[in-house]
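Next comes protein-v9.csv, with CSV, N, CA and C atoms.
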```
chain,number,residue,atom,x,y,z
A,1,MET,N,50.1,285.5,153.9
A,1,MET,CA,50.5,285.8,152.5
A,1,MET,C,51.9,286.4,152.5
A,2,ALA,N,52.3,287.1,153.5
A,2,ALA,CA,53.7,287.6,153.5
A,2,ALA,C,54.7,286.5,153.6
A,3,GLU,N,54.4,285.5,154.4
A,3,GLU,CA,55.4,284.4,154.5
A,3,GLU,C,55.5,283.7,153.2
A,4,PHE,N,54.4,283.5,152.5
A,4,PHE,CA,54.5,282.9,151.1
A,4,PHE,C,55.4,283.7,150.2
A,5,HIS,N,55.3,285.0,150.2
A,5,HIS,CA,56.1,285.8,149.3
A,5,HIS,C,57.6,285.8,149.8
A,6,GLU,N,57.8,285.7,151.1
A,6,GLU,CA,59.2,285.6,151.5
A,6,GLU,C,59.8,284.2,151.1
A,7,ALA,N,59.0,283.2,151.2
A,7,ALA,CA,59.4,281.8,150.7
A,7,ALA,C,59.7,281.8,149.2
A,8,LEU,N,58.8,282.5,148.5
A,8,LEU,CA,59.0,282.6,147.0
A,8,LEU,C,60.2,283.4,146.7
A,9,ALA,N,60.5,284.5,147.3
A,9,ALA,CA,61.7,285.2,147.1
A,9,ALA,C,63.0,284.4,147.4
A,10,TYR,N,62.9,283.7,148.5
A,10,TYR,CA,64.0,282.8,148.9
A,10,TYR,C,64.3,281.7,147.8
A,11,SER,N,63.2,281.1,147.4
A,11,SER,CA,63.4,280.0,146.4
A,11,SER,C,63.9,280.5,145.1
A,12,LEU,N,63.4,281.7,144.6
A,12,LEU,CA,64.0,282.3,143.4
A,12,LEU,C,65.4,282.6,143.5
A,13,LEU,N,65.9,283.0,144.7
A,13,LEU,CA,67.3,283.3,145.0
A,13,LEU,C,68.1,282.0,144.9
A,14,CYS,N,67.5,280.9,145.4
A,14,CYS,CA,68.2,279.6,145.4
A,14,CYS,C,68.4,279.0,144.0
A,15,VAL,N,67.6,279.3,143.1
A,15,VAL,CA,67.7,278.9,141.7
A,15,VAL,C,68.3,280.0,140.8
A,16,ASN,N,68.8,281.0,141.4
A,16,ASN,CA,69.5,282.1,140.7
A,16,ASN,C,68.5,282.7,139.7
A,17,GLN,N,67.3,282.9,140.1
A,17,GLN,CA,66.3,283.5,139.2
A,17,GLN,C,65.6,284.7,140.0
A,18,GLN,N,66.3,285.4,140.8
A,18,GLN,CA,65.7,286.4,141.7
A,18,GLN,C,65.0,287.5,141.0
A,19,ASN,N,65.3,287.7,139.7
A,19,ASN,CA,64.6,288.8,138.9
A,19,ASN,C,63.4,288.3,138.1
A,20,LEU,N,63.1,287.0,138.2
A,20,LEU,CA,62.0,286.4,137.5
A,20,LEU,C,60.7,286.9,138.0
A,21,VAL,N,59.8,287.3,137.2
A,21,VAL,CA,58.4,287.6,137.6
A,21,VAL,C,57.5,286.5,137.2
A,22,LEU,N,56.9,285.8,138.1
A,22,LEU,CA,56.0,284.7,137.8
A,22,LEU,C,54.7,285.2,137.2
A,23,LYS,N,54.1,284.3,136.4
A,23,LYS,CA,52.8,284.6,135.9
A,23,LYS,C,51.8,284.3,137.0
A,24,ALA,N,50.6,284.9,136.9
A,24,ALA,CA,49.6,284.8,138.0
A,24,ALA,C,49.3,283.4,138.3
A,25,LYS,N,49.1,282.5,137.3
A,25,LYS,CA,48.7,281.1,137.5
A,25,LYS,C,49.8,280.3,138.1
A,26,GLN,N,51.1,280.7,137.8
A,26,GLN,CA,52.2,280.0,138.4
A,26,GLN,C,52.2,280.3,139.9
A,27,GLU,N,52.1,281.6,140.2
A,27,GLU,CA,52.1,282.0,141.6
A,27,GLU,C,50.9,281.4,142.4
A,28,GLU,N,49.7,281.3,141.7
A,28,GLU,CA,48.5,280.7,142.3
A,28,GLU,C,48.8,279.2,142.7
A,29,ALA,N,49.3,278.5,141.7
A,29,ALA,CA,49.6,277.1,141.9
A,29,ALA,C,50.6,276.9,143.1
A,30,LEU,N,51.7,277.7,143.1
A,30,LEU,CA,52.6,277.6,144.2
A,30,LEU,C,52.0,278.0,145.5
A,31,PHE,N,51.2,279.0,145.5
A,31,PHE,CA,50.5,279.4,146.8
A,31,PHE,C,49.7,278.2,147.4
A,32,HIS,N,48.9,277.6,146.5
A,32,HIS,CA,48.1,276.5,147.0
A,32,HIS,C,49.0,275.3,147.5
A,33,LEU,N,50.0,275.0,146.7
A,33,LEU,CA,50.9,273.9,147.1
A,33,LEU,C,51.6,274.2,148.4
A,34,TYR,N,52.0,275.4,148.6
A,34,TYR,CA,52.7,275.9,149.8
A,34,TYR,C,51.8,275.7,151.0
A,35,ASN,N,50.5,275.9,150.8
A,35,ASN,CA,49.6,275.8,151.9
A,35,ASN,C,48.9,274.4,152.0
A,36,GLY,N,49.6,273.4,151.4
A,36,GLY,CA,49.1,272.1,151.6
A,36,GLY,C,48.0,271.6,150.8
A,37,ARG,N,47.6,272.3,149.8
A,37,ARG,CA,46.5,272.0,148.9
A,37,ARG,C,46.9,271.1,147.7
A,38,ASP,N,46.1,270.3,147.2
A,38,ASP,CA,46.3,269.6,146.0
A,38,ASP,C,46.1,270.5,144.8
A,39,VAL,N,46.9,270.4,143.8
A,39,VAL,CA,46.8,271.3,142.7
A,39,VAL,C,46.9,270.5,141.4
A,40,PHE,N,46.0,270.8,140.4
A,40,PHE,CA,46.1,270.3,139.1
A,40,PHE,C,46.3,271.6,138.2
A,41,ALA,N,47.5,271.7,137.7
A,41,ALA,CA,47.8,272.9,136.9
A,41,ALA,C,48.0,272.4,135.4
A,42,TRP,N,47.2,272.9,134.6
A,42,TRP,CA,47.3,272.5,133.1
A,42,TRP,C,47.7,273.8,132.4
A,43,PHE,N,49.0,273.9,132.2
A,43,PHE,CA,49.6,275.0,131.5
A,43,PHE,C,50.0,274.6,130.1
A,44,PRO,N,49.9,275.5,129.2
A,44,PRO,CA,50.4,275.2,127.8
A,44,PRO,C,51.9,275.1,127.8
A,45,THR,N,52.4,274.4,126.7
A,45,THR,CA,53.8,274.3,126.5
A,45,THR,C,54.5,275.7,126.5
A,46,GLY,N,55.5,275.9,127.3
A,46,GLY,CA,56.2,277.1,127.3
A,46,GLY,C,55.7,278.1,128.4
A,47,TYR,N,54.7,277.7,129.1
A,47,TYR,CA,54.1,278.6,130.1
A,47,TYR,C,54.9,278.7,131.4
A,48,GLY,N,55.7,277.7,131.7
A,48,GLY,CA,56.5,277.8,132.9
A,48,GLY,C,56.2,276.8,134.0
A,49,LYS,N,55.8,275.6,133.6
A,49,LYS,CA,55.5,274.6,134.7
A,49,LYS,C,56.8,274.2,135.4
A,50,SER,N,57.9,274.2,134.7
A,50,SER,CA,59.2,273.7,135.3
A,50,SER,C,59.6,274.6,136.4
A,51,ILE,N,59.5,275.8,136.3
A,51,ILE,CA,59.9,276.7,137.4
A,51,ILE,C,59.1,276.4,138.7
A,52,CYS,N,57.9,276.0,138.6
A,52,CYS,CA,57.1,275.6,139.7
A,52,CYS,C,57.7,274.4,140.4
A,53,TYR,N,58.1,273.4,139.6
A,53,TYR,CA,58.7,272.2,140.2
A,53,TYR,C,60.0,272.6,140.9
A,54,GLN,N,60.8,273.5,140.3
A,54,GLN,CA,62.1,273.9,140.8
A,54,GLN,C,62.0,274.7,142.1
A,55,LEU,N,61.0,275.6,142.2
A,55,LEU,CA,60.9,276.4,143.4
A,55,LEU,C,60.3,275.7,144.6
A,56,LEU,N,59.5,274.8,144.4
A,56,LEU,CA,58.7,274.2,145.5
A,56,LEU,C,59.6,273.6,146.6
A,57,PRO,N,60.6,272.8,146.3
A,57,PRO,CA,61.4,272.3,147.5
A,57,PRO,C,62.0,273.4,148.3
A,58,PHE,N,62.5,274.4,147.7
A,58,PHE,CA,63.1,275.5,148.4
A,58,PHE,C,62.0,276.3,149.3
A,59,MET,N,60.8,276.4,148.7
A,59,MET,CA,59.8,277.0,149.5
A,59,MET,C,59.4,276.2,150.7
A,60,PHE,N,59.4,274.9,150.5
A,60,PHE,CA,59.1,274.0,151.7
A,60,PHE,C,60.2,274.1,152.7
A,61,ASP,N,61.5,274.1,152.3
A,61,ASP,CA,62.6,274.3,153.2
A,61,ASP,C,62.5,275.6,154.0
A,62,PHE,N,62.0,276.6,153.3
A,62,PHE,CA,61.8,277.9,154.0
A,62,PHE,C,60.7,277.8,155.0
A,63,LYS,N,59.6,277.2,154.6
A,63,LYS,CA,58.5,277.0,155.5
A,63,LYS,C,58.8,276.2,156.8
A,64,LEU,N,59.6,275.1,156.5
A,64,LEU,CA,59.9,274.2,157.6
A,64,LEU,C,61.2,274.6,158.3
A,65,LYS,N,61.7,275.8,158.0
A,65,LYS,CA,63.0,276.3,158.6
A,65,LYS,C,64.1,275.3,158.5
A,66,ARG,N,64.3,274.8,157.3
A,66,ARG,CA,65.4,273.9,157.0
A,66,ARG,C,66.4,274.5,156.0
A,67,THR,N,66.4,275.8,155.9
A,67,THR,CA,67.3,276.4,154.9
A,67,THR,C,68.8,276.2,155.1
A,68,THR,N,69.2,275.9,156.3
A,68,THR,CA,70.6,275.6,156.6
A,68,THR,C,70.8,274.2,157.0
A,69,ALA,N,69.8,273.3,156.8
A,69,ALA,CA,69.9,271.9,157.1
A,69,ALA,C,70.9,271.2,156.1
A,70,PRO,N,71.5,270.1,156.5
A,70,PRO,CA,72.3,269.3,155.5
A,70,PRO,C,71.4,268.9,154.3
A,71,GLN,N,72.1,268.7,153.2
A,71,GLN,CA,71.3,268.4,152.0
A,71,GLN,C,70.4,267.2,152.1
A,72,ASP,N,70.8,266.2,152.8
A,72,ASP,CA,70.0,265.0,153.0
A,72,ASP,C,68.7,265.2,153.8
A,73,GLN,N,68.6,266.4,154.4
A,73,GLN,CA,67.4,266.7,155.2
A,73,GLN,C,66.6,267.8,154.6
A,74,ARG,N,66.9,268.1,153.4
A,74,ARG,CA,66.1,269.1,152.6
A,74,ARG,C,64.9,268.5,151.9
A,75,SER,N,64.0,269.3,151.5
A,75,SER,CA,62.8,268.9,150.7
A,75,SER,C,63.2,268.4,149.3
A,76,SER,N,62.4,267.6,148.7
A,76,SER,CA,62.6,267.1,147.4
A,76,SER,C,61.2,267.2,146.7
A,77,VAL,N,61.3,267.2,145.4
A,77,VAL,CA,60.1,267.1,144.6
A,77,VAL,C,60.3,266.1,143.5
A,78,LEU,N,59.4,265.2,143.3
A,78,LEU,CA,59.4,264.1,142.3
A,78,LEU,C,58.6,264.5,141.2
A,79,VAL,N,59.2,264.7,140.0
A,79,VAL,CA,58.5,265.0,138.8
A,79,VAL,C,58.5,263.8,137.9
A,80,ILE,N,57.3,263.3,137.5
A,80,ILE,CA,57.2,262.2,136.6
A,80,ILE,C,56.9,262.7,135.2
A,81,SER,N,57.8,262.3,134.2
A,81,SER,CA,57.7,262.8,132.9
A,81,SER,C,58.1,261.6,131.9
A,82,PRO,N,57.3,261.4,130.8
A,82,PRO,CA,57.8,260.4,129.9
A,82,PRO,C,58.8,261.0,128.9
A,83,LEU,N,59.1,262.2,129.0
A,83,LEU,CA,60.0,262.9,128.0
A,83,LEU,C,61.4,263.0,128.5
A,84,VAL,N,62.3,262.0,128.1
A,84,VAL,CA,63.7,262.0,128.6
A,84,VAL,C,64.4,263.2,128.2
A,85,SER,N,64.2,263.7,127.0
A,85,SER,CA,64.9,265.0,126.5
A,85,SER,C,64.5,266.1,127.4
A,86,LEU,N,63.3,266.2,127.9
A,86,LEU,CA,62.9,267.3,128.8
A,86,LEU,C,63.5,267.1,130.1
A,87,MET,N,63.6,265.9,130.6
A,87,MET,CA,64.2,265.7,131.9
A,87,MET,C,65.7,266.1,131.8
A,88,VAL,N,66.4,265.7,130.8
A,88,VAL,CA,67.8,266.0,130.6
A,88,VAL,C,68.0,267.5,130.6
A,89,ASP,N,67.2,268.2,129.8
A,89,ASP,CA,67.3,269.6,129.7
A,89,ASP,C,67.0,270.3,131.1
A,90,GLN,N,66.0,269.9,131.8
A,90,GLN,CA,65.7,270.5,133.1
A,90,GLN,C,66.8,270.2,134.1
A,91,VAL,N,67.3,269.0,134.2
A,91,VAL,CA,68.3,268.7,135.2
A,91,VAL,C,69.6,269.4,134.8
A,92,SER,N,69.9,269.4,133.6
A,92,SER,CA,71.1,270.2,133.2
A,92,SER,C,71.1,271.6,133.5
A,93,GLY,N,69.9,272.3,133.3
A,93,GLY,CA,69.8,273.7,133.6
A,93,GLY,C,69.8,273.9,135.1
A,94,LEU,N,69.2,273.0,135.9
A,94,LEU,CA,69.3,273.1,137.4
A,94,LEU,C,70.7,273.0,137.9
A,95,GLN,N,71.4,272.0,137.4
A,95,GLN,CA,72.8,271.7,137.8
A,95,GLN,C,73.7,272.9,137.5
A,96,LYS,N,73.5,273.5,136.4
A,96,LYS,CA,74.3,274.7,136.0
A,96,LYS,C,74.0,275.9,136.9
A,97,ARG,N,72.9,275.9,137.6
A,97,ARG,CA,72.6,277.0,138.5
A,97,ARG,C,72.9,276.5,140.0
A,98,GLY,N,73.5,275.4,140.1
A,98,GLY,CA,74.0,274.9,141.4
A,98,GLY,C,72.9,274.2,142.2
A,99,VAL,N,71.8,273.8,141.6
A,99,VAL,CA,70.8,273.0,142.3
A,99,VAL,C,71.0,271.5,142.2
A,100,ASN,N,70.9,270.8,143.3
A,100,ASN,CA,71.2,269.4,143.3
A,100,ASN,C,70.0,268.7,142.6
A,101,ALA,N,70.2,268.2,141.4
A,101,ALA,CA,69.1,267.5,140.6
A,101,ALA,C,69.7,266.3,139.9
A,102,ALA,N,68.8,265.3,139.7
A,102,ALA,CA,69.2,264.1,139.0
A,102,ALA,C,68.0,263.5,138.3
A,103,ILE,N,68.3,262.6,137.4
A,103,ILE,CA,67.3,261.8,136.6
A,103,ILE,C,67.3,260.4,137.1
A,104,LEU,N,66.1,259.9,137.3
A,104,LEU,CA,65.9,258.4,137.6
A,104,LEU,C,65.2,257.9,136.4
A,105,SER,N,65.8,257.0,135.7
A,105,SER,CA,65.2,256.5,134.5
A,105,SER,C,65.7,255.1,134.1
A,106,GLY,N,64.8,254.3,133.5
A,106,GLY,CA,65.2,253.0,133.0
A,106,GLY,C,65.9,253.1,131.7
A,107,ASN,N,65.9,254.3,131.1
A,107,ASN,CA,66.6,254.5,129.8
A,107,ASN,C,68.1,254.4,129.9
A,108,LYS,N,68.8,253.7,129.1
A,108,LYS,CA,70.2,253.6,129.2
A,108,LYS,C,70.7,254.4,128.0
A,109,GLY,N,71.6,255.3,128.3
A,109,GLY,CA,72.2,256.2,127.3
A,109,GLY,C,73.4,257.0,127.8
A,110,LYS,N,73.6,258.1,127.1
A,110,LYS,CA,74.8,258.9,127.4
A,110,LYS,C,74.6,259.8,128.6
A,111,TYR,N,73.4,259.9,129.1
A,111,TYR,CA,73.1,260.9,130.2
A,111,TYR,C,73.4,260.3,131.5
A,112,SER,N,73.7,261.1,132.5
A,112,SER,CA,74.0,260.7,133.9
A,112,SER,C,72.7,260.5,134.6
A,113,TYR,N,72.5,259.4,135.3
A,113,TYR,CA,71.3,259.1,136.0
A,113,TYR,C,71.6,258.8,137.4
A,114,VAL,N,70.6,258.9,138.3
A,114,VAL,CA,70.8,258.5,139.7
A,114,VAL,C,70.7,257.0,139.7
```
Kindly return the structure encoded in the file as C-alpha cells.
Amino acid sequence: MAEFHEALAYSLLCVNQQNLVLKAKQEEALFHLYNGRDVFAWFPTGYGKSICYQLLPFMFDFKLKRTTAPQDQRSSVLVISPLVSLMVDQVSGLQKRGVNAAILSGNKGKYSYV
C-alpha cells in the first residue's frame, strides 16, 4: 500500500496537481488498476474520471522504475471517447501542464491531432 501511495504522489506531481485530494472511489479505481486488476468505474459527470486517466501512466512508470526513461519508453493510456470537445479540452489541459498528450481522431477540423 505504501508503494501505491508513493506512485500516486509521484503521478500527482507529474501533472502539477500535488495538492489534489482524490475522492475515495477515484483512489480505489487507481489502486486496483495499479495492481493489475480490471476496473469498471461508473462515475457521474464531474466526478473526476479524467484525473484517473491522467495519473495512470505516471503511476505505471513509477512502478516499472521508468521515471527517467526516454519519453518513447514511458507508459501510455488510451482513452476512447466519442466526445471530440471533451478530448480537445482534456488534451489542452494536459499540454498546458507539460504532459505529452495528443488526440487521434478521424474528425477533420481546427484542432491538432496525432
Among listed residues A:Ala41, A:Met59, A:Leu104, A:Ala69, nearest Glu6 of chain A (using only N, CA and C atoms):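 Counting only N, CA and C atoms, the residue closest to Glu6 of chain A is A:Met59.
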Just the number, please: distance in Å from atom N of Ser75 of chain A to atom N of Ser50 of chain A, one decimal.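 Separating atom N of Ser75 of chain A from atom N of Ser50 of chain A is a distance of 18.5 Å.
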Using all atoms listed in the file, determine which residues lie at most 7 Å from Arg74 of chain A, disregarding the query and same-chain residues fewer than 6 positions distant; provide the list as a short mmCIF file (atom, residue, chain, number, x, y, z; two decimals) with N, CA and C atoms, in the coordinates of the input.
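Listed below is the output, result.cif:
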```
data_model
loop_
_atom_site.label_atom_id
_atom_site.label_comp_id
_atom_site.auth_asym_id
_atom_site.auth_seq_id
_atom_site.Cartn_x
_atom_site.Cartn_y
_atom_site.Cartn_z
N PRO A 57 60.60 272.80 146.30
CA PRO A 57 61.40 272.30 147.50
C PRO A 57 62.00 273.40 148.30
N ASP A 61 61.50 274.10 152.30
CA ASP A 61 62.60 274.30 153.20
C ASP A 61 62.50 275.60 154.00
N ARG A 66 64.30 274.80 157.30
CA ARG A 66 65.40 273.90 157.00
C ARG A 66 66.40 274.50 156.00
#
```
May I ask for the distance between atom CA of Gln71 of chain A and atom CA of Ser92 of chain A, given in Å to one decimal place? 18.9 Å
Between atom C of Ser81 of chain A and atom N of Leu13 of chain A, what is the spacing in Å? 26.1 Å
Could you get me a file of segment 82-108 of chain A with C-alpha atoms, as a PDB file, in the first residue's frame, taken from the block above?
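Output saved as out_17.pdb:
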```pdb
ATOM      1  CA  PRO A  82     -16.955   9.822 -28.740  1.00  0.00           C
ATOM      2  CA  LEU A  83     -16.855  13.409 -27.466  1.00  0.00           C
ATOM      3  CA  VAL A  84     -14.359  15.427 -29.526  1.00  0.00           C
ATOM      4  CA  SER A  85     -14.908  18.544 -27.407  1.00  0.00           C
ATOM      5  CA  LEU A  86     -14.036  16.575 -24.264  1.00  0.00           C
ATOM      6  CA  MET A  87     -10.907  15.172 -25.892  1.00  0.00           C
ATOM      7  CA  VAL A  88      -9.802  18.633 -27.014  1.00  0.00           C
ATOM      8  CA  ASP A  89     -10.413  20.051 -23.544  1.00  0.00           C
ATOM      9  CA  GLN A  90      -8.534  17.224 -21.811  1.00  0.00           C
ATOM     10  CA  VAL A  91      -5.545  17.271 -24.158  1.00  0.00           C
ATOM     11  CA  SER A  92      -5.309  21.046 -23.984  1.00  0.00           C
ATOM     12  CA  GLY A  93      -5.315  20.961 -20.184  1.00  0.00           C
ATOM     13  CA  LEU A  94      -2.660  18.256 -20.084  1.00  0.00           C
ATOM     14  CA  GLN A  95      -0.413  20.048 -22.557  1.00  0.00           C
ATOM     15  CA  LYS A  96      -0.674  23.264 -20.515  1.00  0.00           C
ATOM     16  CA  ARG A  97       0.650  21.283 -17.528  1.00  0.00           C
ATOM     17  CA  GLY A  98       3.545  19.903 -19.562  1.00  0.00           C
ATOM     18  CA  VAL A  99       2.123  16.417 -20.119  1.00  0.00           C
ATOM     19  CA  ASN A 100       2.693  14.871 -23.545  1.00  0.00           C
ATOM     20  CA  ALA A 101      -0.836  14.288 -24.862  1.00  0.00           C
ATOM     21  CA  ALA A 102      -2.495  14.107 -28.262  1.00  0.00           C
ATOM     22  CA  ILE A 103      -5.773  13.312 -29.995  1.00  0.00           C
ATOM     23  CA  LEU A 104      -6.200  10.567 -32.548  1.00  0.00           C
ATOM     24  CA  SER A 105      -9.381  11.225 -34.478  1.00  0.00           C
ATOM     25  CA  GLY A 106     -10.944  10.858 -37.886  1.00  0.00           C
ATOM     26  CA  ASN A 107     -12.590  14.250 -37.392  1.00  0.00           C
ATOM     27  CA  LYS A 108     -11.017  16.967 -39.512  1.00  0.00           C
TER      28      LYS A 108
END
```
